[in-house]
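Next comes upload27.cif, a file with mmCIF, C-alpha atoms.
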```cif
data_target
#
loop_
_atom_site.label_atom_id
_atom_site.label_comp_id
_atom_site.auth_asym_id
_atom_site.auth_seq_id
_atom_site.Cartn_x
_atom_site.Cartn_y
_atom_site.Cartn_z
CA MET A 4 0.00 0.00 0.00
CA GLY A 5 2.81 2.38 0.88
CA PHE A 6 4.63 1.63 -2.36
CA LYS A 7 1.47 2.28 -4.42
CA ALA A 8 0.92 5.57 -2.60
CA LEU A 9 4.53 6.58 -3.30
CA CYS A 10 4.18 5.73 -7.00
CA PHE A 11 0.94 7.69 -7.20
CA ALA A 12 2.55 10.68 -5.47
CA LEU A 13 5.51 10.57 -7.87
CA LEU A 14 3.12 10.38 -10.82
CA CYS A 15 1.24 13.43 -9.53
CA VAL A 16 4.50 15.36 -9.11
CA LEU A 17 5.57 14.41 -12.65
CA PHE A 18 2.20 15.44 -14.06
CA ALA A 19 2.17 18.76 -12.18
CA SER A 20 5.71 19.59 -13.26
CA HIS A 21 4.80 18.83 -16.87
CA ILE A 22 1.77 21.13 -17.07
CA TYR A 23 2.85 23.89 -14.68
CA VAL A 24 3.75 27.24 -16.22
CA PRO A 25 4.18 30.32 -14.02
CA ILE A 26 1.38 32.81 -14.63
CA PRO A 27 2.64 36.44 -14.80
CA GLY A 28 1.48 38.37 -11.76
CA ASN A 29 0.21 41.35 -13.78
CA ILE A 30 -2.49 39.35 -15.55
CA GLU A 31 -6.04 40.35 -14.70
CA GLU A 32 -8.31 37.70 -13.13
CA TYR A 33 -5.24 35.67 -12.24
CA TRP A 34 -7.05 32.68 -10.76
CA LYS A 35 -9.39 32.30 -13.73
CA VAL A 36 -6.44 32.32 -16.12
CA MET A 37 -4.57 29.81 -13.99
CA ALA A 38 -7.60 27.50 -13.89
CA LEU A 39 -8.06 27.77 -17.65
CA ASP A 40 -4.38 27.11 -18.28
CA THR A 41 -4.39 24.09 -15.97
CA ALA A 42 -7.45 22.63 -17.68
CA ALA A 43 -5.98 23.19 -21.14
CA LYS A 44 -2.58 21.74 -20.24
CA THR A 45 -4.21 18.74 -18.55
CA CYS A 46 -6.23 17.96 -21.68
CA THR A 47 -3.15 18.41 -23.84
CA PHE A 48 -1.11 16.11 -21.60
CA MET A 49 -3.77 13.40 -21.71
CA ALA A 50 -4.23 13.77 -25.48
CA LEU A 51 -0.50 13.42 -26.14
CA CYS A 52 -0.30 10.39 -23.83
CA PHE A 53 -3.19 8.70 -25.67
CA GLU A 54 -1.53 9.50 -29.00
CA ASN A 55 1.85 8.14 -27.92
CA ILE A 56 0.42 4.83 -26.74
CA GLY A 57 -1.78 4.46 -29.81
CA ILE A 58 -5.26 4.82 -28.30
CA MET A 59 -6.34 7.84 -30.35
CA ARG A 60 -4.78 10.83 -32.05
CA TYR A 61 -4.22 14.08 -30.18
CA GLU A 62 -6.72 16.04 -32.26
CA GLU A 63 -9.41 13.36 -31.88
CA PHE A 64 -9.26 13.52 -28.08
CA ILE A 65 -9.37 17.33 -27.97
CA SER A 66 -12.24 17.35 -30.46
CA VAL A 67 -14.28 15.08 -28.19
CA ILE A 68 -13.75 17.52 -25.30
CA PHE A 69 -14.89 20.47 -27.44
CA LYS A 70 -18.01 18.68 -28.65
CA LEU A 71 -19.18 18.15 -25.07
CA ASP A 72 -19.71 21.92 -24.95
CA TYR A 73 -21.97 22.24 -28.01
CA THR A 74 -25.38 23.84 -27.47
CA GLN A 75 -28.80 23.65 -29.11
CA PRO A 76 -30.30 26.71 -30.88
CA LEU A 77 -32.46 27.96 -28.03
CA SER A 78 -34.43 31.16 -28.55
CA ASP A 79 -35.27 33.48 -25.67
CA GLU A 80 -37.45 36.52 -25.05
CA TYR A 81 -35.05 38.77 -26.99
CA VAL A 82 -33.62 36.69 -29.85
CA VAL A 83 -34.78 33.98 -32.24
CA VAL A 84 -31.96 31.47 -32.69
CA THR A 85 -31.98 29.01 -35.57
CA ASP A 86 -29.55 26.61 -37.24
CA THR A 87 -29.64 26.77 -41.02
CA ALA A 88 -27.24 26.71 -43.97
CA PHE A 89 -25.85 29.25 -46.42
CA THR A 90 -24.91 27.37 -49.64
CA ASP A 91 -24.46 24.13 -47.69
CA VAL A 92 -22.33 25.83 -45.01
CA PRO A 93 -23.92 25.42 -41.55
CA VAL A 94 -24.62 28.69 -39.77
CA ARG A 95 -26.40 29.75 -36.59
CA LEU A 96 -28.60 32.84 -36.94
CA TYR A 97 -29.52 35.26 -34.15
CA LEU A 98 -32.44 37.52 -35.07
CA PRO A 99 -33.64 40.18 -32.60
CA LYS A 100 -37.35 39.87 -31.82
CA ARG A 101 -37.89 43.58 -31.30
CA GLU A 102 -39.50 45.36 -34.21
CA SER A 103 -37.22 47.77 -36.07
CA GLU A 104 -38.37 50.65 -38.25
CA THR A 105 -35.06 50.68 -40.14
CA PRO A 106 -32.79 47.90 -41.46
CA ARG A 107 -30.49 46.50 -38.79
CA ARG A 108 -26.74 46.20 -38.72
CA ALA A 109 -25.23 42.71 -38.99
CA VAL A 110 -22.24 40.90 -37.52
CA ILE A 111 -20.70 37.79 -39.09
CA TYR A 112 -18.62 35.83 -36.58
CA LEU A 113 -15.94 33.26 -37.43
CA HIS A 114 -15.02 31.21 -34.37
CA GLY A 115 -11.52 30.27 -33.27
CA GLY A 116 -10.18 26.82 -32.44
CA ALA A 117 -6.81 26.50 -34.20
CA TYR A 118 -8.53 25.42 -37.44
CA CYS A 119 -9.09 21.95 -35.95
CA PHE A 120 -11.61 22.45 -33.16
CA GLY A 121 -14.65 24.38 -32.11
CA SER A 122 -17.97 25.53 -33.46
CA CYS A 123 -20.28 28.51 -33.30
CA LYS A 124 -22.44 26.12 -31.25
CA GLN A 125 -20.03 26.15 -28.31
CA THR A 126 -21.38 27.72 -25.14
CA ALA A 127 -18.95 30.65 -25.18
CA PHE A 128 -19.56 31.56 -28.84
CA ASP A 129 -23.31 31.05 -28.52
CA PHE A 130 -23.31 33.38 -25.52
CA LEU A 131 -21.15 35.97 -27.32
CA ASN A 132 -23.25 35.98 -30.49
CA ARG A 133 -26.49 36.09 -28.50
CA TRP A 134 -25.16 38.99 -26.39
CA THR A 135 -24.02 40.84 -29.54
CA ALA A 136 -27.43 40.48 -31.15
CA ILE A 137 -29.15 41.90 -28.06
CA LYS A 138 -26.61 44.61 -27.25
CA LEU A 139 -26.33 45.96 -30.80
CA ASP A 140 -29.85 45.07 -31.95
CA ALA A 141 -28.06 43.28 -34.79
CA VAL A 142 -28.52 40.22 -36.93
CA VAL A 143 -25.66 37.88 -36.05
CA VAL A 144 -24.39 34.99 -38.16
CA GLY A 145 -22.10 32.35 -36.66
CA VAL A 146 -20.38 30.29 -39.36
CA ASP A 147 -19.66 26.59 -38.77
CA TYR A 148 -16.90 26.00 -41.31
CA ARG A 149 -15.29 22.59 -41.86
CA LEU A 150 -12.38 21.62 -39.60
CA ALA A 151 -8.93 20.13 -40.09
CA PRO A 152 -7.43 17.58 -40.30
CA GLN A 153 -10.43 15.92 -41.95
CA HIS A 154 -10.64 18.96 -44.24
CA LEU A 155 -7.33 20.62 -45.07
CA PHE A 156 -6.75 24.24 -46.10
CA PRO A 157 -8.39 25.99 -47.92
CA ALA A 158 -11.68 24.30 -46.90
CA GLN A 159 -12.10 26.62 -43.89
CA PHE A 160 -11.62 29.72 -46.04
CA GLU A 161 -13.86 28.39 -48.81
CA ASP A 162 -16.72 27.76 -46.38
CA SER A 163 -16.30 31.16 -44.76
CA ILE A 164 -16.19 33.14 -48.01
CA ALA A 165 -19.11 31.14 -49.43
CA ALA A 166 -21.26 31.91 -46.39
CA VAL A 167 -20.31 35.60 -46.46
CA LYS A 168 -20.99 35.98 -50.18
CA PHE A 169 -24.37 34.30 -49.74
CA PHE A 170 -25.29 36.63 -46.90
CA LEU A 171 -24.23 39.74 -48.87
CA GLN A 172 -26.79 39.12 -51.60
CA ASP A 173 -29.55 41.72 -51.85
CA LYS A 174 -32.33 39.18 -51.44
CA ILE A 175 -30.78 37.67 -48.31
CA LEU A 176 -30.08 41.05 -46.71
CA THR A 177 -33.66 42.05 -47.42
CA LYS A 178 -34.98 38.76 -46.03
CA TYR A 179 -33.28 39.35 -42.69
CA GLY A 180 -33.79 43.13 -42.63
CA VAL A 181 -30.09 44.04 -42.80
CA ASP A 182 -28.65 47.39 -43.83
CA PRO A 183 -25.99 46.59 -46.52
CA ASN A 184 -23.95 49.58 -45.37
CA ARG A 185 -23.61 48.34 -41.77
CA ILE A 186 -22.08 44.87 -41.98
CA CYS A 187 -19.21 43.88 -39.73
CA ILE A 188 -17.16 40.69 -39.69
CA SER A 189 -15.22 39.45 -36.67
CA GLY A 190 -13.27 36.44 -35.46
CA ASP A 191 -10.88 35.29 -32.77
CA SER A 192 -7.53 33.47 -33.13
CA SER A 193 -7.80 31.22 -36.22
CA GLY A 194 -11.20 32.80 -36.78
CA GLY A 195 -9.28 36.08 -36.95
CA THR A 196 -7.17 34.61 -39.75
CA LEU A 197 -10.29 33.70 -41.69
CA THR A 198 -11.85 37.09 -40.96
CA ALA A 199 -8.81 38.93 -42.33
CA ALA A 200 -8.58 36.68 -45.40
CA VAL A 201 -12.32 36.88 -46.16
CA THR A 202 -12.31 40.67 -45.79
CA GLN A 203 -9.38 40.99 -48.18
CA GLU A 204 -11.23 38.82 -50.70
CA VAL A 205 -14.53 40.69 -50.40
CA GLN A 206 -13.04 44.18 -50.54
CA ASN A 207 -10.87 43.40 -53.58
CA ASP A 208 -13.46 41.44 -55.57
CA LEU A 209 -15.15 43.83 -57.99
CA GLU A 210 -18.00 41.39 -58.56
CA ILE A 211 -19.15 41.59 -54.94
CA LYS A 212 -21.59 44.51 -54.71
CA HIS A 213 -21.83 44.97 -50.94
CA LYS A 214 -18.66 45.36 -48.92
CA ILE A 215 -17.65 44.90 -45.30
CA LYS A 216 -18.01 48.10 -43.28
CA LYS A 217 -15.76 47.07 -40.38
CA GLN A 218 -13.62 44.11 -39.36
CA ALA A 219 -12.65 43.13 -35.82
CA LEU A 220 -9.72 40.77 -35.32
CA LEU A 221 -9.31 39.31 -31.84
CA TYR A 222 -5.76 38.01 -31.17
CA PRO A 223 -5.50 36.87 -34.81
CA HIS A 224 -3.02 34.40 -36.30
CA LEU A 225 -1.96 36.08 -39.55
CA GLN A 226 1.13 34.38 -40.96
CA ILE A 227 2.85 30.99 -41.09
CA ILE A 228 6.09 31.80 -42.90
CA ASP A 229 8.15 32.83 -39.85
CA SER A 230 7.74 30.62 -36.79
CA TYR A 231 10.35 32.35 -34.66
CA LEU A 232 8.99 35.82 -33.94
CA PRO A 233 9.70 37.46 -30.55
CA SER A 234 6.25 36.43 -29.28
CA HIS A 235 6.98 32.82 -30.28
CA ARG A 236 10.17 32.90 -28.24
CA GLU A 237 8.76 34.68 -25.20
CA ASN A 238 5.67 32.45 -25.05
CA GLU A 239 7.24 29.17 -26.10
CA HIS A 240 5.76 27.54 -23.01
CA GLY A 241 2.92 30.01 -22.88
CA ILE A 242 -0.48 30.18 -21.23
CA VAL A 243 -3.03 27.69 -22.62
CA LEU A 244 -1.19 27.26 -25.94
CA THR A 245 2.52 26.46 -26.29
CA ARG A 246 4.57 27.07 -29.42
CA ASP A 247 4.92 23.33 -30.11
CA ILE A 248 1.18 22.68 -29.89
CA ALA A 249 0.42 25.74 -32.03
CA ILE A 250 2.80 24.43 -34.70
CA LYS A 251 1.28 20.95 -34.46
CA LEU A 252 -2.21 22.33 -35.08
CA VAL A 253 -1.14 24.57 -37.97
CA SER A 254 0.59 21.58 -39.55
CA LEU A 255 -2.60 19.53 -39.25
CA TYR A 256 -4.43 22.40 -40.95
CA LEU A 257 -2.06 22.60 -43.90
CA SER A 258 -0.87 19.10 -44.72
CA LYS A 259 -0.86 15.40 -43.88
CA ASP A 260 2.95 15.44 -44.15
CA LYS A 261 4.19 14.74 -40.62
CA THR A 262 7.60 16.32 -41.36
CA LEU A 263 6.05 19.78 -41.71
CA SER A 264 5.70 20.36 -37.97
CA GLN A 265 9.34 19.44 -37.34
CA ALA A 266 10.49 21.80 -40.09
CA MET A 267 8.30 24.59 -38.66
CA LYS A 268 9.79 24.12 -35.21
CA ARG A 269 13.23 24.77 -36.73
CA ASN A 270 11.84 27.61 -38.88
CA GLN A 271 13.07 25.76 -41.95
CA HIS A 272 9.77 25.01 -43.67
CA MET A 273 9.65 27.66 -46.40
CA PRO A 274 10.80 27.12 -50.02
CA LEU A 275 13.51 29.18 -51.74
CA GLU A 276 10.95 31.00 -53.88
CA SER A 277 9.35 32.53 -50.78
CA ARG A 278 12.25 34.88 -50.02
CA HIS A 279 10.47 37.94 -51.39
CA LEU A 280 7.59 37.47 -48.92
CA PHE A 281 9.58 38.02 -45.75
CA LYS A 282 9.50 41.79 -46.16
CA PHE A 283 5.80 41.57 -45.25
CA VAL A 284 6.56 39.94 -41.88
CA ASN A 285 9.89 41.55 -41.02
CA TRP A 286 9.37 42.19 -37.34
CA THR A 287 12.53 44.32 -37.07
CA THR A 288 10.69 47.08 -38.96
CA LEU A 289 7.02 46.28 -38.30
CA LEU A 290 7.05 45.69 -34.54
CA PRO A 291 7.11 48.65 -32.14
CA LYS A 292 10.46 48.90 -30.37
CA LYS A 293 9.11 47.84 -26.97
CA TYR A 294 8.10 44.46 -28.41
CA ARG A 295 11.36 43.91 -30.28
CA LYS A 296 13.29 44.23 -27.02
CA ASP A 297 16.76 42.71 -27.36
CA HIS A 298 15.71 39.90 -29.70
CA VAL A 299 18.03 39.28 -32.63
CA TYR A 300 16.53 38.63 -36.04
CA THR A 301 17.46 35.22 -37.43
CA GLU A 302 16.67 34.78 -41.10
CA PRO A 303 14.72 31.54 -41.73
CA VAL A 304 16.58 28.81 -43.58
CA LEU A 305 14.89 28.31 -46.97
CA GLY A 306 14.77 25.36 -49.32
CA ARG A 307 15.45 22.63 -46.75
CA THR A 308 12.23 20.69 -47.42
CA ASN A 309 11.40 18.24 -50.20
CA TYR A 310 7.62 18.72 -50.27
CA SER A 311 5.68 21.18 -52.41
CA LEU A 312 3.05 22.99 -50.36
CA PRO A 313 1.54 26.06 -52.07
CA ALA A 314 -0.48 26.86 -48.94
CA LEU A 315 2.71 28.13 -47.27
CA MET A 316 2.74 31.12 -49.65
CA ASP A 317 -1.03 31.64 -49.91
CA ILE A 318 -2.43 34.92 -48.55
CA ARG A 319 -5.62 33.08 -47.57
CA ALA A 320 -3.53 31.22 -44.98
CA SER A 321 -1.29 34.22 -44.22
CA PRO A 322 -3.20 37.50 -44.67
CA LEU A 323 -0.06 39.42 -43.68
CA LEU A 324 1.40 38.50 -47.07
CA ALA A 325 -1.12 40.67 -48.91
CA SER A 326 0.40 43.52 -50.90
CA ASP A 327 -0.05 47.16 -49.93
CA SER A 328 -2.46 47.67 -52.83
CA GLN A 329 -4.66 44.87 -51.48
CA LEU A 330 -4.58 46.27 -47.97
CA GLN A 331 -5.51 49.80 -49.07
CA ASN A 332 -9.07 48.70 -49.83
CA LEU A 333 -9.76 47.32 -46.36
CA PRO A 334 -12.40 48.85 -44.07
CA SER A 335 -11.76 50.41 -40.69
CA THR A 336 -10.32 47.73 -38.44
CA TYR A 337 -10.23 46.86 -34.76
CA ILE A 338 -7.38 44.61 -33.61
CA LEU A 339 -6.98 43.13 -30.13
CA THR A 340 -3.58 41.69 -29.15
CA CYS A 341 -2.54 39.98 -25.93
CA GLN A 342 0.87 40.29 -24.31
CA TYR A 343 1.29 36.64 -23.30
CA ASP A 344 0.07 35.20 -26.59
CA THR A 345 2.11 33.18 -29.07
CA VAL A 346 0.56 35.02 -32.03
CA ARG A 347 0.79 38.49 -30.45
CA ASP A 348 3.24 39.81 -33.04
CA ASP A 349 1.05 38.83 -36.00
CA GLY A 350 -1.58 41.31 -34.85
CA LEU A 351 0.98 44.00 -34.02
CA MET A 352 2.56 43.74 -37.48
CA TYR A 353 -0.85 43.89 -39.15
CA VAL A 354 -1.60 47.08 -37.23
CA SER A 355 1.62 48.61 -38.63
CA ARG A 356 0.97 47.47 -42.19
CA LEU A 357 -2.63 48.73 -42.22
CA GLN A 358 -1.64 52.08 -40.73
CA ASN A 359 1.18 52.41 -43.28
CA VAL A 360 -1.32 52.25 -46.16
CA GLY A 361 -3.84 54.59 -44.55
CA VAL A 362 -6.43 52.17 -43.17
CA GLN A 363 -8.13 53.42 -40.01
CA VAL A 364 -7.10 51.09 -37.17
CA VAL A 365 -8.15 50.93 -33.53
CA HIS A 366 -5.66 48.77 -31.64
CA GLU A 367 -6.10 47.53 -28.10
CA HIS A 368 -3.37 45.60 -26.28
CA ILE A 369 -3.95 43.76 -23.04
#
```
Render the structure in this file as structure tokens.
Amino acid sequence: MGFKALCFALLCVLFASHIYVPIPGNIEEYWKVMALDTAAKTCTFMALCFENIGIMRYEEFISVIFKLDYTQPLSDEYVVVTDTAFTDVPVRLYLPKRESETPRRAVIYLHGGAYCFGSCKQTAFDFLNRWTAIKLDAVVVGVDYRLAPQHLFPAQFEDSIAAVKFFLQDKILTKYGVDPNRICISGDSSGGTLTAAVTQEVQNDLEIKHKIKKQALLYPHLQIIDSYLPSHRENEHGIVLTRDIAIKLVSLYLSKDKTLSQAMKRNQHMPLESRHLFKFVNWTTLLPKKYRKDHVYTEPVLGRTNYSLPALMDIRASPLLASDSQLQNLPSTYILTCQYDTVRDDGLMYVSRLQNVGVQVVHEHI
């Protein structure tokens, strides 16, 4: 009995040491963040253990956890909530019940989840979209795009742009009582990637009549060509999401080639012909000085891989690679970045690039 207790105690110590990451003392709601981080790291630890012993893949286990949080489309006294589809893309609609004498504004929301997990049906996103509909008296559309690794890039973008184009039609806007001049699109994390990419597509497509009025990007992931930015280094063992897990998930999003994640960890995943793109993500010029700190720029090693993966150079996967002429047409933009976030610098560089071409940007950093 004593030996079993000792083994159990040692296992607990090993587990705690594996998932423990010091939480910076200046973070607001410290205990909530610590609880969230512990839960996330525990799930990650279990998922990796199951994967290593052959029970199930990492992404399958995490997906099961996410699906436990899905909700039904429940209407209330303020909002009618329905699940439907826009051109075969599942969406959840939130329509205010209150009568309106004028067409309403609309918000299209693309959820986060590292391209592999999540849904607009999750409790948090359902609550957010419901709250937005009530607070703004707006029609809200949550898009349930396909997920990796079952569906690789660009499936997520294709679903998102298809749903947005469908919604922007005159007959659909009229059906839901939406003012075509007051349409916003927003997304968090990987949903922020899709939001930025969809907005670029809509604003630069001359065949799309109605445009996006505003975009809101919440801690967005905006590039995959440089995996060793200052925020990647500072948050390598970061809160909730580590650099290694972030790279693993991006790799699952882009390709079935298992060598991609290892190449990305070494920042040696880009082909020789991508050299001209690095000016768009050069953090030595695009990051404010206080975020560059004393980090030294290390140029990525190019041409070390044998695979051909066009997605690595596709602006739909890396909106930061868009040219200045493409960015000039973007609407006024809100960008939220977080200090202790692996993808912090993506958002900061996008702020700089948009401001440099004259786009109105509101940036909030927490």
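Considering the residues A:Lys282, A:Arg108, A:His240, A:His114 and counting all atoms listed in the file, Gly190 in chain A has its shortest atom-to-atom contact with A:His114.
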Quote the spacing between CA of Trp134 in chain A and CA of Thr41 in chain A in Å to one decimal place.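 So the two atoms, CA of Trp134 in chain A and CA of Thr41 in chain A, lie 27.6 Å apart.
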Identify, on the basis of only C-alpha atoms, every residue whose closest approach to Ala320 in chain A does not exceed 12 Å; exclude the query and any residue fewer than 2 positions from it along the same chain; express the result as a VMD selection string. chain A and resid 118 155 to 161 193 to 201 203 223 to 228 253 to 254 256 to 257 312 to 318 322 to 325
Residues selected by the PyMOL selection byres ((chain A and resi 259-261) around 12), written as a PyMOL selection string: chain A and resi 151-156+250-258+262-267+272+308-312
Range 54-96 of chain A near range 167-185 of chain A within 12 Å: what's each residue's closest atom pair and its distance in Å to one decimal, counting all atoms listed in the file, ordered by chain then ascending residue number, as a tab-separated table?
```
residue	atom	partner	partner_atom	distance
A:Val83	CA	A:Tyr179	CA	11.8
A:Ala88	CA	A:Phe169	CA	10.0
A:Phe89	CA	A:Phe169	CA	6.2
A:Thr90	CA	A:Phe169	CA	7.0
A:Asp91	CA	A:Phe169	CA	10.4
A:Val92	CA	A:Phe169	CA	9.9
A:Pro93	CA	A:Val167	CA	11.9
A:Val94	CA	A:Val167	CA	10.5
A:Leu96	CA	A:Tyr179	CA	9.9
```
Go ahead and save the picked residues with C-alpha atoms, as a PDB file, keeping the file's coordinate frame.
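Written out: out30.pdb:
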```pdb
ATOM      1  CA  VAL A  83     -34.780  33.980 -32.240  1.00  0.00           C
ATOM      2  CA  ALA A  88     -27.240  26.710 -43.970  1.00  0.00           C
ATOM      3  CA  PHE A  89     -25.850  29.250 -46.420  1.00  0.00           C
ATOM      4  CA  THR A  90     -24.910  27.370 -49.640  1.00  0.00           C
ATOM      5  CA  ASP A  91     -24.460  24.130 -47.690  1.00  0.00           C
ATOM      6  CA  VAL A  92     -22.330  25.830 -45.010  1.00  0.00           C
ATOM      7  CA  PRO A  93     -23.920  25.420 -41.550  1.00  0.00           C
ATOM      8  CA  VAL A  94     -24.620  28.690 -39.770  1.00  0.00           C
ATOM      9  CA  LEU A  96     -28.600  32.840 -36.940  1.00  0.00           C
TER      10      LEU A  96
END
```
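Residue nearest Gly241 in chain A within the list A:Pro25, A:Gly115, A:Pro334, A:Gly121: A:Pro25 [criterion: smallest interatomic distance, all atoms listed in the file].
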Quick one: residues within 10 Å of Arg278 in chain A, all atoms listed in the file counted, chain neighbours fewer than 2 positions away excluded, as an MDAnalysis selection string? chainID A and resid 228 273:276 280:282 302:306
What gap, in Å, lies between CA of Glu32 in chain A and CA of Arg347 in chain A? 19.6 Å
Within 12 Å of range 348-368 of chain A, which residues of range 243-319 of chain A come that close, and what is the closest atom pair and distance in Å for each? Count only C-alpha atoms and give it as JSON lines.
```
{"residue": "A:Lys282", "atom": "CA", "partner": "A:Arg356", "partner_atom": "CA", "distance": 11.0}
{"residue": "A:Phe283", "atom": "CA", "partner": "A:Arg356", "partner_atom": "CA", "distance": 8.2}
{"residue": "A:Val284", "atom": "CA", "partner": "A:Met352", "partner_atom": "CA", "distance": 7.1}
{"residue": "A:Asn285", "atom": "CA", "partner": "A:Met352", "partner_atom": "CA", "distance": 8.4}
{"residue": "A:Trp286", "atom": "CA", "partner": "A:Met352", "partner_atom": "CA", "distance": 7.0}
{"residue": "A:Thr287", "atom": "CA", "partner": "A:Met352", "partner_atom": "CA", "distance": 10.0}
{"residue": "A:Thr288", "atom": "CA", "partner": "A:Met352", "partner_atom": "CA", "distance": 8.9}
{"residue": "A:Leu289", "atom": "CA", "partner": "A:Met352", "partner_atom": "CA", "distance": 5.2}
{"residue": "A:Leu290", "atom": "CA", "partner": "A:Met352", "partner_atom": "CA", "distance": 5.7}
{"residue": "A:Pro291", "atom": "CA", "partner": "A:Leu351", "partner_atom": "CA", "distance": 7.9}
{"residue": "A:Lys292", "atom": "CA", "partner": "A:Leu351", "partner_atom": "CA", "distance": 11.3}
{"residue": "A:Lys293", "atom": "CA", "partner": "A:Leu351", "partner_atom": "CA", "distance": 11.4}
{"residue": "A:Tyr294", "atom": "CA", "partner": "A:Asp348", "partner_atom": "CA", "distance": 8.2}
{"residue": "A:Arg295", "atom": "CA", "partner": "A:Asp348", "partner_atom": "CA", "distance": 9.5}
```
Enumerate, as a list of chain:residue names, the residues matched when the PyMOL selection byres ((chain A and resi 58-71) around 9) is run on the file above.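 This file gives the following for the PyMOL selection byres ((chain A and resi 58-71) around 9): A:Cys46, A:Thr47, A:Met49, A:Ala50, A:Leu51, A:Cys52, A:Phe53, A:Glu54, A:Asn55, A:Ile56, A:Gly57, A:Asp72, A:Tyr73, A:Thr74, A:Cys119, A:Phe120, A:Gly121, A:Ser122, A:Gln125, A:Pro152, A:Leu252, A:Leu255.
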Using the chain letters and residue numbers of this document, give as a PyMOL selection string the residues selected by the PyMOL selection byres ((chain A and resi 148) around 6). chain A and resi 146-147+149+159+162
Output for the residues just chosen: C-alpha atoms as a compact mmCIF listing (two decimals), keeping the file's coordinate frame:
```txt
# COMPACT_ATOMS: atom_id res chain seq x y z
CA VAL A 146 -20.38 30.29 -39.36
CA ASP A 147 -19.66 26.59 -38.77
CA ARG A 149 -15.29 22.59 -41.86
CA GLN A 159 -12.10 26.62 -43.89
CA ASP A 162 -16.72 27.76 -46.38
```
For Thr126 in chain A, which residue among A:Leu77, A:Leu139, A:Ala166, A:Ile30 is the nearest when counting all atoms listed in the file? A:Leu77
Please compute the CA of Leu221 in chain A-CA of Ala165 in chain A distance, one decimal, in Å. 21.7 Å
Looking at all atoms listed in the file, which of A:Lys124, A:Lys217, A:Lys268, A:Lys212 is the one that sits closest to Leu232 in chain A?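 Checking each of A:Lys124, A:Lys217, A:Lys268, A:Lys212 against Leu232 in chain A, counting all atoms listed in the file, the winner is A:Lys268.
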Closest to Lys216 in chain A among A:Met37, A:Thr336, A:Asp140, A:Gln75, using all atoms listed in the file? A:Thr336
Which residue gives the smallest distance to Leu333 in chain A among A:Glu102, A:Glu237, A:Asp297, A:Asp208, with only C-alpha atoms counted?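 So, comparing all the options, the nearest one is A:Asp208.
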Please list as JSON, numbers by chain every residue within 12 Å of Leu39 in chain A, counting only C-alpha atoms and excluding residues in the same chain fewer than 2 positions away. {"A": [22, 23, 24, 26, 32, 33, 34, 35, 36, 37, 41, 42, 43, 44, 45, 46, 242, 243, 244]}
Which residues are near Cys341 in chain A? Cut-off 8 Å, all atoms listed in the file, ignore same chain within fewer than 2 positions. Put them as a ChimeraX atom specification. /A:222,339,343-344,347,368-369
Hey, can you spit out that residue selection with C-alpha atoms as a JSON list (two decimals), keeping the file's coordinate frame?
```
[["chain", "number", "residue", "atom", "x", "y", "z"],
["A", 222, "TYR", "CA", -5.76, 38.01, -31.17],
["A", 339, "LEU", "CA", -6.98, 43.13, -30.13],
["A", 343, "TYR", "CA", 1.29, 36.64, -23.30],
["A", 344, "ASP", "CA", 0.07, 35.20, -26.59],
["A", 347, "ARG", "CA", 0.79, 38.49, -30.45],
["A", 368, "HIS", "CA", -3.37, 45.60, -26.28],
["A", 369, "ILE", "CA", -3.95, 43.76, -23.04]]
```
